[in-house]
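Structure data (compact mmCIF, C-alpha atoms) from run-v3.txt:
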# COMPACT_ATOMS: atom_id res chain seq x y z
CA MET P 1 0.00 0.00 0.00
CA VAL P 2 1.21 3.49 -0.87
CA ASP P 3 0.92 6.24 1.70
CA ASN P 4 2.17 9.19 -0.33
CA PHE P 5 0.27 10.28 -3.40
CA PRO P 6 0.61 11.33 -6.16
CA VAL P 7 2.73 8.55 -7.62
CA PHE P 8 4.18 9.04 -11.11
CA LEU P 9 4.84 5.99 -13.26
CA LYS P 10 5.40 5.13 -16.92
CA ASN P 11 5.78 2.00 -18.97
CA GLN P 12 9.19 0.99 -20.30
CA ASN P 13 8.53 2.08 -23.89
CA ASP P 14 7.27 5.56 -22.88
CA GLN P 15 3.86 4.97 -24.50
CA ASN P 16 1.87 5.39 -21.27
CA TYR P 17 2.41 7.69 -18.30
CA TYR P 18 0.42 7.58 -15.07
CA CYS P 19 -0.29 10.05 -12.29
CA ILE P 20 -1.92 8.08 -9.50
CA LEU P 21 -3.70 10.42 -7.11
CA SER P 22 -5.21 7.80 -4.78
CA GLU P 23 -6.13 4.13 -4.69
CA SER P 24 -9.30 5.02 -6.61
CA HIS P 25 -8.30 7.89 -8.93
CA PHE P 26 -5.62 8.33 -11.58
CA TRP P 27 -4.72 10.04 -14.83
CA GLU P 28 -3.26 8.16 -17.78
CA TRP P 29 -1.56 9.70 -20.80
CA GLN P 30 -1.35 7.43 -23.87
CA ARG P 31 0.76 8.06 -26.96
CA ILE P 32 -1.27 7.38 -30.09
CA GLY P 33 0.89 7.90 -33.16
CA THR P 34 2.25 11.43 -32.90
CA LYS P 35 -0.50 12.60 -30.54
CA GLY P 36 -1.37 11.99 -26.92
CA LEU P 37 -4.62 11.15 -25.16
CA LEU P 38 -5.17 12.14 -21.52
CA LEU P 39 -7.70 10.07 -19.57
CA GLU P 40 -9.01 10.59 -16.05
CA ILE P 41 -10.14 7.38 -14.36
CA HIS P 42 -12.24 7.18 -11.19
CA ALA P 43 -12.13 3.59 -10.00
CA HIS P 44 -15.67 2.89 -8.81
CA THR P 45 -15.54 -0.85 -9.37
CA LEU P 46 -13.20 -3.49 -8.05
CA PRO P 47 -11.65 -4.29 -11.46
CA ASP P 48 -10.76 -0.61 -11.88
CA ARG P 49 -9.14 -0.54 -8.44
CA TRP P 50 -7.18 -3.66 -9.41
CA VAL P 51 -5.72 -1.74 -12.36
CA ILE P 52 -4.37 0.87 -9.95
CA GLN P 53 -2.96 -1.78 -7.62
CA ASP P 54 -1.35 -3.59 -10.56
CA LEU P 55 0.35 -0.35 -11.59
CA LEU P 56 1.56 0.40 -8.07
CA GLN P 57 2.84 -3.16 -7.57
CA ASN P 58 4.23 -3.44 -11.13
CA THR P 59 2.65 -6.85 -11.60
CA THR P 60 3.41 -6.85 -15.35
CA GLY P 61 7.08 -6.00 -14.83
CA ASN P 62 7.10 -3.16 -17.37
CA ILE P 63 6.36 -0.14 -15.15
CA CYS P 64 9.10 2.33 -14.25
CA PRO P 65 9.18 5.23 -11.83
CA SER P 66 8.67 8.70 -13.24
CA ASP P 67 8.37 12.12 -11.63
CA GLU P 68 6.19 15.19 -11.75
CA THR P 69 8.58 17.07 -14.06
CA GLU P 70 8.44 14.31 -16.67
CA TRP P 71 4.64 14.03 -16.29
CA GLN P 72 4.19 17.78 -16.84
CA ARG P 73 6.48 17.75 -19.87
CA VAL P 74 4.58 14.85 -21.48
CA ILE P 75 1.07 16.17 -20.94
CA GLN P 76 2.02 19.68 -22.08
CA SER P 77 3.52 18.34 -25.29
CA SER P 78 0.28 16.64 -26.38
Give the structure from the file, written as structure tokens.
Amino acid sequence: MVDNFPVFLKNQNDQNYYCILSESHFWEWQRIGTKGLLLEIHAHTLPDRWVIQDLLQNTTGNICPSDETEWQRVIQSS
């Protein structure tokens, strides 16, 4: 369990960036071609909360730490 939010993460190929605000709320930026798509997700169901836990626990093995500076740079460039 994470006590300090927000948590900034990204996947290894820099196609997805995450700003996790709580165990039930996060933002995801996805690279689609040369553009970016910013999604806000409120996890109201258990499967959605599992997605957040999977990201925080890196269950797929392809999540890397990021930081607020990188997050701001990515979302401003889209």
#### Entry: Point (-2.7, -1.0, -11.2) neighbourhood (12 Å, all atoms listed in the file) written as an MDAnalysis selection string
chainID P and resid 1:2 7 9:11 18:20 22:28 41 43 46:63
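Here atom CA of Gly33 of chain P is placed at a distance of 18.3 Å from atom CA of Trp71 of chain P.
Across the structure, atom CA of Arg31 of chain P and atom CA of Asn4 of chain P are spaced 26.7 Å apart.
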### Between atom CA of Phe5 of chain P and atom CA of Thr45 of chain P, distance in Å (one decimal)
20.2 Å
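Using all atoms listed in the file, the nearest neighbour of Trp29 of chain P within the list P:His42, P:Asp3, P:Asp14, P:Cys64 is P:Asp14.
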